[in-house]
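Participant: Let me begin by handing over the structure; questions about it come next.
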Amino acid sequence: MRRWLLTLTLALAGTATVVLAGCVPPHRADGDLTDDWAALPAPRLFVPATDACLPRLTAVAQAATYETVDCAGSHLAEAVHVGTFTGPTAQGARPEPGSPALRSARAECDQRAREVIGGDWHSARLTLNIALPPVTAWVAGARWFRCDLAETDSIDNTRPVNRLGSLRGAMVGDNALMHRCFDPKLIGENLNYMAPVLCTEPHRAEFVGVYEERDRTWPDFTRAAPEVHRRCMALIAAFAAVPNNADLPYRAGSIFYPPSQREWEEGDRGVRCFLWSDDRKLTRSMRGAGPEGLPVI
């Protein structure tokens with residue numbers, strides 16, 4: 001036992017000697033303070049992703065709070081496009097939500113949304129919103145805008161609601177999001193809200209289409225109800241396949257839903273038009289009904 005311990009001690013001592021003998025001189029500075037550091041990458045501005053679903057809908061998208069979720073799960077909105085401001089808009093201060101400076105951006109968003117869903121989003125329970133970079137990011141050079149589509153609760157309540165699944169192709173074929181027939185609820189002679197029903201159920205209103213009101217300011221539009229009614233009546237005549245003549249007001253009336261003032265100023269001029277049957281309840285769609293299906297009363 002003692003011999004073994006002694007041998008171990010000597011072996012360790014020899015090892016220590018070898019280690020000491022292996023010491024090297026310390027590294028000396030070469031006088032260049034930069035050659036031992038890797039170059040830092042160039043700074044990159046945050047740009048949100050497109051074709052991504054979002055847990056919240058905001059007018060300003062910040063990198064610090066940016067988050068995307070799986071479109072198959074619950075989400076509030078879907079980013080269908082990310083564009084870039086160019087020209088005079090890109091040279092000045094960041095456009096404010098609801099300002100005319102966003103008209104070119106909204107036009108681009110509108111076109112891209114139609115391509116993604118396969119139709120006009122005005123014809124469904126959908127809303128289109130624009131998200132902008134914060135002012136600090138704009139000053140730093142960010143020039144992007146994001147186009148967000150969201151499902152809404154109803155034609156009357158445009159508050160976005162959570163949904164499951166992407167909106168891609170939502171307007172292709174039969175889809176529950178699309179506006180169809182309604183049973184309007186009135187308070188006196190004023191429309192309170194439009195209750196959606198099956199077209200085979202008794203109803204008094206049906207969505208017929210959208211027209212673009214390009215030439216009026218918002219104040220002018222609010223005073224132009226008779227002209228808006230005439231434009232919608234033309235859509236009703238085409239939808240129901242009846243003559244657009246002096247008899248048309250005795251076949252049906254109109255209900256119309258314009259964009260909000262904020263949307264209008266940004267360039268959304270899509271006016272939604274509905275056929276209104278004041279004198280009788282309908283139990284079928286009036287699409288292509290003809291004079292016999294929508295008679296003069």
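Each chain in the structure tokens gets a letter, A, B, ..., in the order shown, and its residues are numbered from 1; ligands are numbered from 1 in order too.
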How close does each residue of region 124-188 of chain A get to region 67-86 of chain A, giving the shortest atom pair and distance in Å to one decimal for every residue with an atom at most 6 Å away, counting only C-alpha atoms, sorted by chain and residue number, as a tab-separated table?

Facilitator:
residue	atom	partner	partner_atom	distance
A:Arg143	CA	A:Phe85	CA	5.4
A:Trp144	CA	A:Thr84	CA	4.4
A:Phe145	CA	A:Gly83	CA	5.4
A:Arg146	CA	A:Val82	CA	4.4
A:Cys147	CA	A:His81	CA	5.2
A:Asp148	CA	A:Ala79	CA	4.4
A:Leu149	CA	A:Glu78	CA	5.3
A:Ala150	CA	A:Ala77	CA	4.5
A:Val161	CA	A:Leu76	CA	5.9
A:Asn162	CA	A:Leu76	CA	4.5
A:Arg163	CA	A:Ser74	CA	5.4
A:Leu164	CA	A:Ser74	CA	5.0
A:Gly165	CA	A:Ala72	CA	4.5
A:Ser166	CA	A:Cys71	CA	5.4

Participant: As a PyMOL selection string, please: the residues near Pro202 (chain A) (cut-off 12 Å, only C-alpha atoms, same-chain neighbours under 2 positions excluded).

Facilitator: chain A and resi 181-184+195-200+204-206+277+280-285

Participant: Using CA of Arg231 (chain A) and CA of Leu128 (chain A) as the two end points, give the distance in Å to one decimal.

Facilitator: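 Computing the Euclidean distance for CA of Arg231 (chain A) and CA of Leu128 (chain A) yields 23.5 Å.
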
Participant: Please provide the set of residues having any atom within 9 Å of Phe274 (chain A), restricted to only C-alpha atoms, with same-chain residues fewer than 2 positions apart removed, written as a ChimeraX atom specification.

Facilitator: /A:181,205-209,232-233,235-236,253-257,272,276

Participant: Measuring atom to atom with only C-alpha atoms, identify which of A:Arg214, A:Arg180, A:Arg287, A:Arg125 is nearest to Arg159 (chain A).

Facilitator: A:Arg125

Participant: Looking only at the backbone, which of the residues in region 97-280 of chain A does DSSP tag as helix (DSSP H, G or I), as a ChimeraX atom specification?

Facilitator: /A:100-117,121-123,135-139,218-222,225-240,248-250,261-266

Participant: Using only C-alpha atoms, which protein or nucleic acid residues come within 8 Å of region 88-95 of chain A? Drop anything in the same chain fewer than 6 positions from it, and give the result as a list in words.

Facilitator: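 Within the cut-off, the hits are Ala101, Leu102, Val135, Trp138 and Arg143 of chain A.
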
Participant: Please, could you write that set of residues out with all heavy atoms as a PDB file, in the first residue's frame?

Facilitator:
ATOM      1  N   ALA A 101     -52.981  61.119 -47.923  1.00  0.00           N
ATOM      2  CA  ALA A 101     -51.655  60.636 -48.321  1.00  0.00           C
ATOM      3  C   ALA A 101     -51.599  59.114 -48.422  1.00  0.00           C
ATOM      4  O   ALA A 101     -50.663  58.567 -49.005  1.00  0.00           O
ATOM      5  CB  ALA A 101     -50.602  61.138 -47.333  1.00  0.00           C
ATOM      6  N   LEU A 102     -52.601  58.431 -47.870  1.00  0.00           N
ATOM      7  CA  LEU A 102     -52.622  56.965 -47.905  1.00  0.00           C
ATOM      8  C   LEU A 102     -53.400  56.418 -49.101  1.00  0.00           C
ATOM      9  O   LEU A 102     -53.556  55.200 -49.219  1.00  0.00           O
ATOM     10  CB  LEU A 102     -53.245  56.416 -46.614  1.00  0.00           C
ATOM     11  CG  LEU A 102     -52.432  56.594 -45.338  1.00  0.00           C
ATOM     12  CD1 LEU A 102     -53.162  55.970 -44.152  1.00  0.00           C
ATOM     13  CD2 LEU A 102     -51.058  55.949 -45.480  1.00  0.00           C
ATOM     14  N   VAL A 135     -43.416  56.589 -36.050  1.00  0.00           N
ATOM     15  CA  VAL A 135     -42.744  57.793 -36.546  1.00  0.00           C
ATOM     16  C   VAL A 135     -41.237  57.667 -36.409  1.00  0.00           C
ATOM     17  O   VAL A 135     -40.481  58.079 -37.306  1.00  0.00           O
ATOM     18  CB  VAL A 135     -43.268  59.039 -35.799  1.00  0.00           C
ATOM     19  CG1 VAL A 135     -42.448  60.265 -36.160  1.00  0.00           C
ATOM     20  CG2 VAL A 135     -44.739  59.280 -36.127  1.00  0.00           C
ATOM     21  N   TRP A 138     -39.954  55.656 -39.193  1.00  0.00           N
ATOM     22  CA  TRP A 138     -40.042  56.427 -40.445  1.00  0.00           C
ATOM     23  C   TRP A 138     -38.849  57.373 -40.561  1.00  0.00           C
ATOM     24  O   TRP A 138     -38.224  57.483 -41.621  1.00  0.00           O
ATOM     25  CB  TRP A 138     -41.356  57.197 -40.481  1.00  0.00           C
ATOM     26  CG  TRP A 138     -41.576  57.985 -41.737  1.00  0.00           C
ATOM     27  CD1 TRP A 138     -41.144  59.259 -42.010  1.00  0.00           C
ATOM     28  CD2 TRP A 138     -42.290  57.553 -42.905  1.00  0.00           C
ATOM     29  NE1 TRP A 138     -41.537  59.645 -43.260  1.00  0.00           N
ATOM     30  CE2 TRP A 138     -42.247  58.615 -43.837  1.00  0.00           C
ATOM     31  CE3 TRP A 138     -42.968  56.390 -43.248  1.00  0.00           C
ATOM     32  CZ2 TRP A 138     -42.855  58.542 -45.086  1.00  0.00           C
ATOM     33  CZ3 TRP A 138     -43.583  56.312 -44.496  1.00  0.00           C
ATOM     34  CH2 TRP A 138     -43.514  57.378 -45.402  1.00  0.00           C
ATOM     35  N   ARG A 143     -40.128  52.760 -44.872  1.00  0.00           N
ATOM     36  CA  ARG A 143     -41.118  53.287 -45.814  1.00  0.00           C
ATOM     37  C   ARG A 143     -42.159  52.238 -46.206  1.00  0.00           C
ATOM     38  O   ARG A 143     -42.795  52.341 -47.243  1.00  0.00           O
ATOM     39  CB  ARG A 143     -40.416  53.813 -47.074  1.00  0.00           C
ATOM     40  CG  ARG A 143     -39.562  55.057 -46.844  1.00  0.00           C
ATOM     41  CD  ARG A 143     -40.427  56.235 -46.416  1.00  0.00           C
ATOM     42  NE  ARG A 143     -39.663  57.465 -46.247  1.00  0.00           N
ATOM     43  CZ  ARG A 143     -39.112  57.860 -45.111  1.00  0.00           C
ATOM     44  NH1 ARG A 143     -39.215  57.103 -44.018  1.00  0.00           N
ATOM     45  NH2 ARG A 143     -38.448  58.997 -45.042  1.00  0.00           N
TER      46      ARG A 143
END

Participant: Write out as an mmCIF file with N, CA and C atoms, in the first residue's frame which residues come within 9 Å of Ser104 (chain A) when counting only C-alpha atoms, dropping same-chain ones fewer than 4 positions away.

Facilitator:
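Ended up saving to out-v9.cif:
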data_model
loop_
_atom_site.group_PDB
_atom_site.id
_atom_site.type_symbol
_atom_site.label_atom_id
_atom_site.label_comp_id
_atom_site.auth_asym_id
_atom_site.auth_seq_id
_atom_site.Cartn_x
_atom_site.Cartn_y
_atom_site.Cartn_z
ATOM 1 N N PHE A 85 -43.876 52.871 -49.729
ATOM 2 C CA PHE A 85 -44.186 54.230 -50.157
ATOM 3 C C PHE A 85 -43.092 54.731 -51.097
ATOM 4 N N PRO A 100 -55.440 61.675 -46.763
ATOM 5 C CA PRO A 100 -55.402 61.430 -48.211
ATOM 6 C C PRO A 100 -54.055 60.916 -48.699
ATOM 7 N N GLU A 108 -53.311 50.081 -53.603
ATOM 8 C CA GLU A 108 -52.464 48.893 -53.745
ATOM 9 C C GLU A 108 -52.957 47.778 -52.831
ATOM 10 N N CYS A 109 -53.337 48.122 -51.614
ATOM 11 C CA CYS A 109 -53.878 47.131 -50.675
ATOM 12 C C CYS A 109 -55.161 46.512 -51.215
ATOM 13 N N GLU A 266 -58.944 58.025 -46.933
ATOM 14 C CA GLU A 266 -57.805 57.211 -47.368
ATOM 15 C C GLU A 266 -57.962 56.710 -48.799
ATOM 16 N N GLY A 267 -59.162 56.836 -49.363
ATOM 17 C CA GLY A 267 -59.358 56.435 -50.744
ATOM 18 C C GLY A 267 -60.311 55.296 -50.973
#

Participant: Give me every strand (DSSP E or B) residue in region 79-230 of chain A, going by DSSP on the backbone, as a PyMOL selection string.

Facilitator: chain A and resi 79-84+124+126-132+144-152+160+163-164+178+181-187+190-197+203+205-212

Participant: Go ahead and write the residues just picked, N, CA and C atoms, as a compact mmCIF listing (two decimals), in the first residue's frame.

Facilitator:
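Output contents, as saved in result.txt:
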# COMPACT_ATOMS: atom_id res chain seq x y z
N ALA A 79 -52.20 39.61 -42.75
CA ALA A 79 -51.43 40.53 -43.58
C ALA A 79 -51.35 39.96 -44.99
N VAL A 80 -52.02 40.60 -45.93
CA VAL A 80 -52.08 40.07 -47.29
C VAL A 80 -51.06 40.73 -48.21
N HIS A 81 -50.43 41.81 -47.75
CA HIS A 81 -49.46 42.48 -48.62
C HIS A 81 -48.65 43.46 -47.77
N VAL A 82 -47.39 43.63 -48.12
CA VAL A 82 -46.55 44.69 -47.57
C VAL A 82 -45.97 45.47 -48.74
N GLY A 83 -46.32 46.75 -48.83
CA GLY A 83 -45.87 47.60 -49.92
C GLY A 83 -44.88 48.64 -49.45
N THR A 84 -44.44 49.48 -50.37
CA THR A 84 -43.45 50.51 -50.08
C THR A 84 -43.93 51.86 -50.59
N ALA A 124 -68.28 41.15 -48.72
CA ALA A 124 -68.27 40.16 -47.63
C ALA A 124 -68.08 40.86 -46.29
N LEU A 126 -65.88 41.70 -44.32
CA LEU A 126 -64.44 41.90 -44.23
C LEU A 126 -64.14 43.39 -44.15
N THR A 127 -63.02 43.72 -43.53
CA THR A 127 -62.55 45.09 -43.49
C THR A 127 -61.07 45.11 -43.83
N LEU A 128 -60.64 46.16 -44.50
CA LEU A 128 -59.25 46.30 -44.93
C LEU A 128 -58.63 47.48 -44.20
N ASN A 129 -57.53 47.23 -43.51
CA ASN A 129 -56.86 48.26 -42.74
C ASN A 129 -55.40 48.37 -43.15
N ILE A 130 -54.82 49.56 -42.94
CA ILE A 130 -53.42 49.81 -43.26
C ILE A 130 -52.65 50.02 -41.97
N ALA A 131 -51.55 49.27 -41.81
CA ALA A 131 -50.65 49.45 -40.66
C ALA A 131 -49.40 50.17 -41.13
N LEU A 132 -48.93 51.12 -40.33
CA LEU A 132 -47.77 51.96 -40.68
C LEU A 132 -46.64 51.75 -39.69
N TRP A 144 -42.37 51.25 -45.37
CA TRP A 144 -43.32 50.18 -45.69
C TRP A 144 -44.71 50.52 -45.17
N PHE A 145 -45.70 49.85 -45.75
CA PHE A 145 -47.05 49.83 -45.20
C PHE A 145 -47.58 48.41 -45.34
N ARG A 146 -48.39 47.99 -44.39
CA ARG A 146 -48.91 46.63 -44.39
C ARG A 146 -50.42 46.65 -44.59
N CYS A 147 -50.93 45.72 -45.41
CA CYS A 147 -52.36 45.64 -45.71
C CYS A 147 -52.95 44.47 -44.93
N ASP A 148 -53.86 44.76 -44.01
CA ASP A 148 -54.43 43.75 -43.13
C ASP A 148 -55.92 43.55 -43.42
N LEU A 149 -56.30 42.31 -43.69
CA LEU A 149 -57.71 41.96 -43.85
C LEU A 149 -58.20 41.30 -42.58
N ALA A 150 -59.44 41.62 -42.18
CA ALA A 150 -60.02 41.01 -40.99
C ALA A 150 -61.49 40.73 -41.21
N GLU A 151 -61.97 39.67 -40.61
CA GLU A 151 -63.39 39.35 -40.62
C GLU A 151 -64.11 40.25 -39.64
N THR A 152 -65.32 40.70 -39.99
CA THR A 152 -66.10 41.55 -39.10
C THR A 152 -67.32 40.81 -38.58
N PRO A 160 -63.50 43.98 -35.95
CA PRO A 160 -62.92 42.69 -36.32
C PRO A 160 -63.16 41.63 -35.24
N ARG A 163 -61.00 34.62 -35.95
CA ARG A 163 -61.42 33.59 -36.88
C ARG A 163 -60.34 32.50 -36.93
N LEU A 164 -60.70 31.37 -37.55
CA LEU A 164 -59.78 30.27 -37.78
C LEU A 164 -59.61 30.11 -39.28
N MET A 178 -69.87 36.03 -47.33
CA MET A 178 -70.42 36.90 -48.37
C MET A 178 -71.79 37.44 -47.98
N CYS A 181 -78.78 37.80 -48.12
CA CYS A 181 -80.11 38.32 -47.80
C CYS A 181 -80.18 38.76 -46.34
N PHE A 182 -81.06 39.74 -46.10
CA PHE A 182 -81.19 40.33 -44.77
C PHE A 182 -82.65 40.65 -44.49
N ASP A 183 -82.97 40.65 -43.21
CA ASP A 183 -84.29 41.12 -42.76
C ASP A 183 -84.06 42.38 -41.94
N PRO A 184 -84.13 43.55 -42.55
CA PRO A 184 -83.81 44.80 -41.85
C PRO A 184 -84.75 45.05 -40.66
N LYS A 185 -84.19 45.55 -39.58
CA LYS A 185 -84.96 45.93 -38.41
C LYS A 185 -85.02 47.45 -38.34
N LEU A 186 -86.23 47.96 -38.25
CA LEU A 186 -86.44 49.39 -38.28
C LEU A 186 -86.88 49.91 -36.91
N ILE A 187 -86.55 51.17 -36.66
CA ILE A 187 -87.12 51.92 -35.55
C ILE A 187 -87.85 53.09 -36.19
N ASN A 190 -86.54 54.53 -39.61
CA ASN A 190 -85.07 54.51 -39.66
C ASN A 190 -84.55 53.09 -39.53
N LEU A 191 -83.56 52.75 -40.34
CA LEU A 191 -82.93 51.43 -40.27
C LEU A 191 -82.10 51.32 -39.00
N ASN A 192 -82.37 50.27 -38.23
CA ASN A 192 -81.60 50.03 -37.01
C ASN A 192 -80.43 49.10 -37.29
N TYR A 193 -80.72 47.94 -37.82
CA TYR A 193 -79.64 47.03 -38.23
C TYR A 193 -80.19 46.01 -39.22
N MET A 194 -79.26 45.35 -39.91
CA MET A 194 -79.59 44.36 -40.93
C MET A 194 -79.32 42.96 -40.37
N ALA A 195 -80.38 42.20 -40.13
CA ALA A 195 -80.22 40.84 -39.62
C ALA A 195 -80.03 39.88 -40.79
N PRO A 196 -78.88 39.20 -40.88
CA PRO A 196 -78.67 38.26 -42.00
C PRO A 196 -79.55 37.02 -41.86
N VAL A 197 -80.16 36.59 -42.98
CA VAL A 197 -81.00 35.40 -43.00
C VAL A 197 -80.72 34.64 -44.29
N HIS A 203 -87.57 37.73 -46.02
CA HIS A 203 -86.62 38.84 -45.88
C HIS A 203 -87.07 40.00 -46.75
N ALA A 205 -84.46 42.47 -47.81
CA ALA A 205 -83.29 43.11 -48.42
C ALA A 205 -82.32 42.05 -48.93
N GLU A 206 -81.58 42.43 -49.98
CA GLU A 206 -80.57 41.54 -50.54
C GLU A 206 -79.42 42.37 -51.11
N PHE A 207 -78.23 41.93 -50.85
CA PHE A 207 -77.04 42.62 -51.37
C PHE A 207 -76.96 42.42 -52.89
N VAL A 208 -76.73 43.52 -53.61
CA VAL A 208 -76.68 43.43 -55.07
C VAL A 208 -75.34 43.82 -55.66
N GLY A 209 -74.49 44.51 -54.92
CA GLY A 209 -73.18 44.86 -55.47
C GLY A 209 -72.61 46.13 -54.88
N VAL A 210 -71.50 46.56 -55.47
CA VAL A 210 -70.74 47.72 -54.99
C VAL A 210 -70.47 48.65 -56.17
N TYR A 211 -70.61 49.94 -55.96
CA TYR A 211 -70.14 50.88 -56.97
C TYR A 211 -69.10 51.81 -56.36
N GLU A 212 -68.22 52.34 -57.21
CA GLU A 212 -67.13 53.20 -56.76
C GLU A 212 -67.53 54.67 -56.92

Participant: Near Ala237 (chain A), within 12 Å and counting only C-alpha atoms, which residues show up once chain neighbours fewer than 2 positions away are dropped, as an MDAnalysis selection string?

Facilitator: chainID A and resid 208:209 230:235 239:254 273:275 286:291 294:295

Participant: How about saving the chosen residues, N, CA, C and O atoms kept, as a short mmCIF file (atom, residue, chain, number, x, y, z; two decimals), in the first residue's frame?

Facilitator:
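Dumped everything to out.cif:
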data_model
loop_
_atom_site.label_atom_id
_atom_site.label_comp_id
_atom_site.auth_asym_id
_atom_site.auth_seq_id
_atom_site.Cartn_x
_atom_site.Cartn_y
_atom_site.Cartn_z
N VAL A 208 -76.73 43.52 -53.61
CA VAL A 208 -76.68 43.43 -55.07
C VAL A 208 -75.34 43.82 -55.66
O VAL A 208 -75.06 43.50 -56.83
N GLY A 209 -74.49 44.51 -54.92
CA GLY A 209 -73.18 44.86 -55.47
C GLY A 209 -72.61 46.13 -54.88
O GLY A 209 -73.15 46.71 -53.93
N ARG A 230 -79.82 56.53 -56.85
CA ARG A 230 -79.94 56.22 -58.28
C ARG A 230 -78.86 55.25 -58.74
O ARG A 230 -79.13 54.35 -59.55
N ARG A 231 -77.65 55.43 -58.21
CA ARG A 231 -76.57 54.51 -58.60
C ARG A 231 -76.86 53.10 -58.10
O ARG A 231 -76.62 52.11 -58.82
N CYS A 232 -77.40 52.99 -56.90
CA CYS A 232 -77.73 51.66 -56.37
C CYS A 232 -78.92 51.06 -57.11
O CYS A 232 -78.96 49.84 -57.35
N MET A 233 -79.88 51.88 -57.50
CA MET A 233 -81.02 51.36 -58.24
C MET A 233 -80.59 50.77 -59.59
O MET A 233 -81.15 49.78 -60.06
N ALA A 234 -79.57 51.37 -60.20
CA ALA A 234 -79.05 50.81 -61.44
C ALA A 234 -78.46 49.42 -61.20
O ALA A 234 -78.63 48.50 -62.01
N LEU A 235 -77.77 49.24 -60.07
CA LEU A 235 -77.24 47.92 -59.73
C LEU A 235 -78.37 46.93 -59.45
O LEU A 235 -78.28 45.75 -59.81
N PHE A 239 -78.97 43.43 -61.32
CA PHE A 239 -78.95 42.23 -60.50
C PHE A 239 -80.23 41.41 -60.69
O PHE A 239 -80.19 40.19 -60.85
N ALA A 240 -81.38 42.09 -60.68
CA ALA A 240 -82.67 41.40 -60.76
C ALA A 240 -83.13 41.18 -62.20
O ALA A 240 -84.17 40.55 -62.41
N ALA A 241 -82.38 41.69 -63.17
CA ALA A 241 -82.74 41.55 -64.59
C ALA A 241 -84.12 42.17 -64.87
O ALA A 241 -84.99 41.53 -65.47
N VAL A 242 -84.29 43.41 -64.41
CA VAL A 242 -85.51 44.16 -64.71
C VAL A 242 -85.11 45.48 -65.34
O VAL A 242 -83.97 45.94 -65.19
N PRO A 243 -86.01 46.12 -66.08
CA PRO A 243 -85.67 47.39 -66.75
C PRO A 243 -85.36 48.49 -65.74
O PRO A 243 -86.03 48.62 -64.71
N ASN A 244 -84.34 49.29 -66.06
CA ASN A 244 -84.01 50.46 -65.24
C ASN A 244 -84.77 51.65 -65.83
O ASN A 244 -84.23 52.48 -66.55
N ASN A 245 -86.07 51.69 -65.51
CA ASN A 245 -86.93 52.73 -66.06
C ASN A 245 -87.82 53.31 -64.97
O ASN A 245 -87.57 53.10 -63.78
N ALA A 246 -88.85 54.03 -65.35
CA ALA A 246 -89.73 54.70 -64.39
C ALA A 246 -90.48 53.72 -63.50
O ALA A 246 -90.98 54.10 -62.43
N ASP A 247 -90.59 52.46 -63.93
CA ASP A 247 -91.30 51.46 -63.11
C ASP A 247 -90.43 50.90 -61.98
O ASP A 247 -90.96 50.28 -61.05
N LEU A 248 -89.11 51.08 -62.08
CA LEU A 248 -88.21 50.44 -61.11
C LEU A 248 -88.52 50.80 -59.66
O LEU A 248 -88.52 49.91 -58.79
N PRO A 249 -88.82 52.07 -59.33
CA PRO A 249 -89.12 52.40 -57.92
C PRO A 249 -90.36 51.68 -57.40
O PRO A 249 -90.55 51.59 -56.17
N TYR A 250 -91.23 51.18 -58.32
CA TYR A 250 -92.42 50.44 -57.88
C TYR A 250 -92.14 48.94 -57.74
O TYR A 250 -93.01 48.19 -57.32
N ARG A 251 -90.92 48.57 -58.08
CA ARG A 251 -90.49 47.18 -57.87
C ARG A 251 -89.67 47.03 -56.60
O ARG A 251 -89.81 46.05 -55.87
N ALA A 252 -88.81 48.00 -56.33
CA ALA A 252 -87.91 47.89 -55.18
C ALA A 252 -87.35 49.25 -54.82
O ALA A 252 -87.37 50.19 -55.63
N GLY A 253 -86.83 49.36 -53.62
CA GLY A 253 -86.08 50.54 -53.18
C GLY A 253 -84.64 50.13 -52.92
O GLY A 253 -84.21 49.02 -53.27
N SER A 254 -83.88 51.02 -52.29
CA SER A 254 -82.47 50.73 -52.04
C SER A 254 -82.07 51.03 -50.61
O SER A 254 -82.68 51.88 -49.94
N CYS A 273 -74.52 48.30 -52.02
CA CYS A 273 -75.92 48.54 -52.35
C CYS A 273 -76.77 47.30 -52.09
O CYS A 273 -76.34 46.17 -52.38
N PHE A 274 -77.98 47.54 -51.56
CA PHE A 274 -78.91 46.46 -51.24
C PHE A 274 -80.28 46.76 -51.84
O PHE A 274 -80.76 47.89 -51.79
N LEU A 275 -80.90 45.74 -52.40
CA LEU A 275 -82.31 45.82 -52.81
C LEU A 275 -83.17 45.84 -51.56
O LEU A 275 -82.95 45.05 -50.63
N MET A 286 -83.40 37.51 -55.47
CA MET A 286 -83.89 38.25 -56.62
C MET A 286 -82.88 38.29 -57.76
O MET A 286 -83.11 38.95 -58.78
N ARG A 287 -81.78 37.58 -57.63
CA ARG A 287 -80.80 37.54 -58.73
C ARG A 287 -81.45 36.94 -59.98
O ARG A 287 -81.92 35.79 -59.97
N GLY A 288 -81.50 37.72 -61.04
CA GLY A 288 -82.07 37.24 -62.28
C GLY A 288 -83.55 36.95 -62.24
O GLY A 288 -84.08 36.24 -63.10
N ALA A 289 -84.27 37.50 -61.26
CA ALA A 289 -85.68 37.18 -61.09
C ALA A 289 -86.53 37.65 -62.25
O ALA A 289 -87.56 37.02 -62.59
N GLY A 290 -86.16 38.76 -62.89
CA GLY A 290 -86.95 39.27 -64.01
C GLY A 290 -88.20 39.99 -63.55
O GLY A 290 -88.53 40.02 -62.35
N PRO A 291 -88.93 40.59 -64.48
CA PRO A 291 -90.15 41.35 -64.12
C PRO A 291 -91.20 40.53 -63.39
O PRO A 291 -91.93 41.07 -62.54
N LEU A 294 -89.92 40.07 -59.74
CA LEU A 294 -89.91 41.35 -59.01
C LEU A 294 -90.90 42.28 -59.71
O LEU A 294 -90.52 43.22 -60.41
N PRO A 295 -92.19 42.02 -59.53
CA PRO A 295 -93.21 42.76 -60.29
C PRO A 295 -93.42 44.18 -59.77
O PRO A 295 -93.02 44.53 -58.65
#

Participant: Can you tell me how far CA of Ala59 (chain A) sits from CA of Gly270 (chain A), in Å to one decimal?

Facilitator: 20.8 Å

Participant: Work out how far CA of Ile297 (chain A) is from CA of Ile155 (chain A), in Å to one decimal.

Facilitator: 28.6 Å

Participant: Show which residues sit within 9 Å of Gln62 (chain A), as a PyMOL selection string. Count only C-alpha atoms, and ignore same-chain residues fewer than 6 positions away.

Facilitator: chain A and resi 46+48+132-134+137

Participant: May I have the residues from that selection written out with N, CA, C and O atoms, as a compact mmCIF listing (two decimals), in the first residue's frame?

Facilitator:
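selection-v7.txt was written with the following content:
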# COMPACT_ATOMS: atom_id res chain seq x y z
N PHE A 46 -36.68 47.08 -39.47
CA PHE A 46 -37.72 46.08 -39.34
C PHE A 46 -38.77 46.26 -40.43
O PHE A 46 -39.23 47.38 -40.70
N PRO A 48 -42.40 44.13 -41.52
CA PRO A 48 -43.27 43.01 -41.15
C PRO A 48 -43.43 42.02 -42.31
O PRO A 48 -43.22 42.36 -43.47
N LEU A 132 -48.93 51.12 -40.33
CA LEU A 132 -47.77 51.96 -40.68
C LEU A 132 -46.64 51.75 -39.69
O LEU A 132 -46.87 51.32 -38.55
N PRO A 133 -45.40 52.08 -40.08
CA PRO A 133 -44.30 52.06 -39.10
C PRO A 133 -44.46 53.21 -38.11
O PRO A 133 -45.09 54.23 -38.45
N PRO A 134 -43.91 53.09 -36.91
CA PRO A 134 -43.95 54.23 -35.98
C PRO A 134 -43.15 55.40 -36.55
O PRO A 134 -42.30 55.23 -37.43
N ALA A 137 -39.39 55.00 -36.56
CA ALA A 137 -38.89 54.13 -37.63
C ALA A 137 -38.93 54.85 -38.98
O ALA A 137 -38.04 54.67 -39.81
